[in-house]
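Input: a single structure, listed below in structure tokens.
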There are 2 protein chains.
Amino acid sequence: MPFPTETGRAVLTTNIVVFSLRDEQLKLLLVRRRNPPFQGCWALPGGVVGEDEDIEANATRKLEEGTGVSGVYLEQLCTFGDPGRDPRERVISVAYYALVASERLQVRSDAHGEDVGWFALAELPPLAFDHAKMVQVARQRLAAKLDYSTIAFQFMPERFTLSDLQKVYQMILDRDLDKRNFRKRMLAMDQIRETDEVRRNGSHRPARLYRVANPQEVQIIK
Amino acid sequence: MPFPTETGRAVLTTNIVVFSLRDEQLKLLLVRRRNPPFQGCWALPGGVVGEDEDIEANATRKLEEGTGVSGVYLEQLCTFGDPGRDPRERVISVAYYALVASERLQVRSDAHGEDVGWFALAELPPLAFDHAKMVQVARQRLAAKLDYSTIAFQFMPERFTLSDLQKVYQMILDRDLDKRNFRKRMLAMDQIRETDEVRRNGSHRPARLYRVANPQEVQIIK
DNA sequence: GCAGTTAGTGTATACGTTACACCAACATAG
DNA sequence: CTATGTTGGTGTAACGTATACACTAACTGC
């Protein structure tokens, strides 16, 4: 089966759904498009994959350009390639999702002359192309992974309290959790370590600080 | 960001990991390559996506060509696009996996002048490109989905016994299951229905035949 | 009618999940 | 300095789910 010379070829791109917690909310990184189609519209960060570039390497690079952060958790989500998804020509987009601890963030607004912004999931603007669908799939995947992996720790700063962690879970799952049961479960999976520090912030009992045992890896549990 | 005219373009293909149960074994459909590269080597079925063809539609079509069956369960797995995965040029493959009930199969050997064959997972020949990796990912996904979906029913014929079903689970999970607990679990999820037929095949008590309540859908359970 | 073979059934135990309420420690105001 | 407000931190009982386990039922063939 020889390759066709013209047909069956497509522009290869990536898009990344970048989650982070900012202002006690789960937010997404969006960039404003400067060119048609969808000029002026908000879209997921991403770009065209270079001729000899690995797809995931491209996603990593675009993510670093957008957030200024390297070494973040990145996972392939799904590939979108409807013939009509880009009005210009056939464009395949391999979607990824990424989780960034907000303390590490330093968004370079206008790094590439693009407007960049963080948007709460509940208040997303209309998105270009099929990016809304990508966001939906990413959100589902993230929520599902909370149950059987340590993925939530990717959001945490180096030191955090159990209440901080619980807020993260509650934000992603969009429901309240029982404090005692939550703490039991977190400590039982033996992936966070108590430190001898506490945090004092307000007129109440100070909170014990914890750290992630293996911040690099996302483990599958149970 | 205008598109480059030459760089960043790739041939778009699909590959499908087709699972079926044959001879009481979990087997995969492979085709022998007639052209270089990897000429004569076994590979996953698939092909180049047409200029205006939907990616999943292409996978469905290739699957039908290979098995003669339509309406089978098909799910996107992962996308492979390493720059070096095809020695000729940049080729992106969107991998799918599919589950086919063996009773429905009528493999058209030589439909396209290709050798076609079913291979037990434990006895796969060396595969072309990165297809071995695709098989590995598909196998993991399938085993994981047994736990929380009704995906296994896709393998079943219209009428089957609980022992048949148990064999399917055991084959995929590669371990024995307790008969009473298995039956309890299957009936508890209320997705199979008793029929008033039995099957007599040997000098022993006949087995009750069941059918799948919603053969079309794969449900997520619990 | 006996032997061999697969089909079919119930219960007790262990384990994990859920629900739930009070005291502790600090800052601030009076 | 003490009273109040606010968040941090802890254990136990009830419940439901998952596991382990052994015998009888129904048929065929000899």
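To be explicit about the labels: the chains of the structure tokens are called A, B, and onward in the order shown, and within each one the residues are counted from 1, while ligands get numbers from 1 in the order they are shown.
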For DT9 in chain C, please output as a PyMOL selection string all residues within 10 Å (counting only C-alpha atoms (C1' of nucleotides); exclusion window: fewer than 4 positions along the same chain).
(chain B and resi 180) or (chain D and resi 23-25)
Distance limit 9 Å, atoms considered: only C-alpha atoms (C1' of nucleotides). Which chain C residues sit that close to chain B? Return them as an MDAnalysis selection string.
chainID C and resid 4:9
Could you please take those selected residues and save N, CA, C and O atoms (P, O5', C5', C4', C3', O3' and C1' of nucleotides) as a compact mmCIF listing (two decimals), in the first residue's frame?
```txt
# COMPACT_ATOMS: atom_id res chain seq x y z
P DG C 4 -14.95 -42.77 37.78
O5' DG C 4 -15.23 -41.57 36.79
C5' DG C 4 -15.44 -41.85 35.40
C4' DG C 4 -15.97 -40.61 34.74
C3' DG C 4 -15.32 -39.30 35.23
O3' DG C 4 -14.97 -38.53 34.10
C1' DG C 4 -17.67 -39.13 35.35
P DT C 5 -14.00 -37.24 34.24
O5' DT C 5 -14.96 -36.03 33.89
C5' DT C 5 -15.74 -36.05 32.70
C4' DT C 5 -16.82 -35.03 32.81
C3' DT C 5 -16.35 -33.70 33.42
O3' DT C 5 -16.52 -32.65 32.48
C1' DT C 5 -18.42 -34.40 34.34
P DT C 6 -15.62 -31.31 32.60
O5' DT C 6 -16.74 -30.17 32.76
C5' DT C 6 -17.73 -30.04 31.76
C4' DT C 6 -19.02 -29.60 32.37
C3' DT C 6 -18.99 -28.21 33.02
O3' DT C 6 -20.02 -27.44 32.44
C1' DT C 6 -20.06 -29.78 34.42
P DA C 7 -20.47 -26.01 32.99
O5' DA C 7 -21.72 -26.42 33.90
C5' DA C 7 -22.88 -26.95 33.27
C4' DA C 7 -24.10 -26.72 34.13
C3' DA C 7 -24.29 -25.30 34.63
O3' DA C 7 -25.68 -24.99 34.58
C1' DA C 7 -23.98 -26.76 36.48
P DG C 8 -26.16 -23.52 34.96
O5' DG C 8 -26.32 -23.63 36.53
C5' DG C 8 -27.38 -24.43 37.07
C4' DG C 8 -27.27 -24.44 38.57
C3' DG C 8 -27.21 -23.06 39.22
O3' DG C 8 -28.38 -22.86 39.99
C1' DG C 8 -25.66 -24.58 40.19
P DT C 9 -28.68 -21.42 40.57
O5' DT C 9 -28.38 -21.62 42.12
C5' DT C 9 -29.11 -22.60 42.84
C4' DT C 9 -28.46 -22.85 44.18
C3' DT C 9 -28.31 -21.62 45.07
O3' DT C 9 -28.87 -21.91 46.33
C1' DT C 9 -26.30 -22.85 44.99
```
Go ahead and compute the interatomic distance for CA of Asn214 in chain A and CA of Thr150 in chain A, in Å to one decimal.
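For CA of Asn214 in chain A relative to CA of Thr150 in chain A, the distance reads 9.6 Å.
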Of the candidates D:DT12, D:DT28, D:DT19, D:DT7, which one gets nearest to chain A if we count only C-alpha atoms (C1' of nucleotides)?
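The closest residue to chain A is D:DT7.
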Distance of CA of Tyr97 in chain B from CA of Val48 in chain B, expressed in Å to one decimal place
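Separation between CA of Val48 in chain B and CA of Tyr97 in chain B: 16.6 Å.
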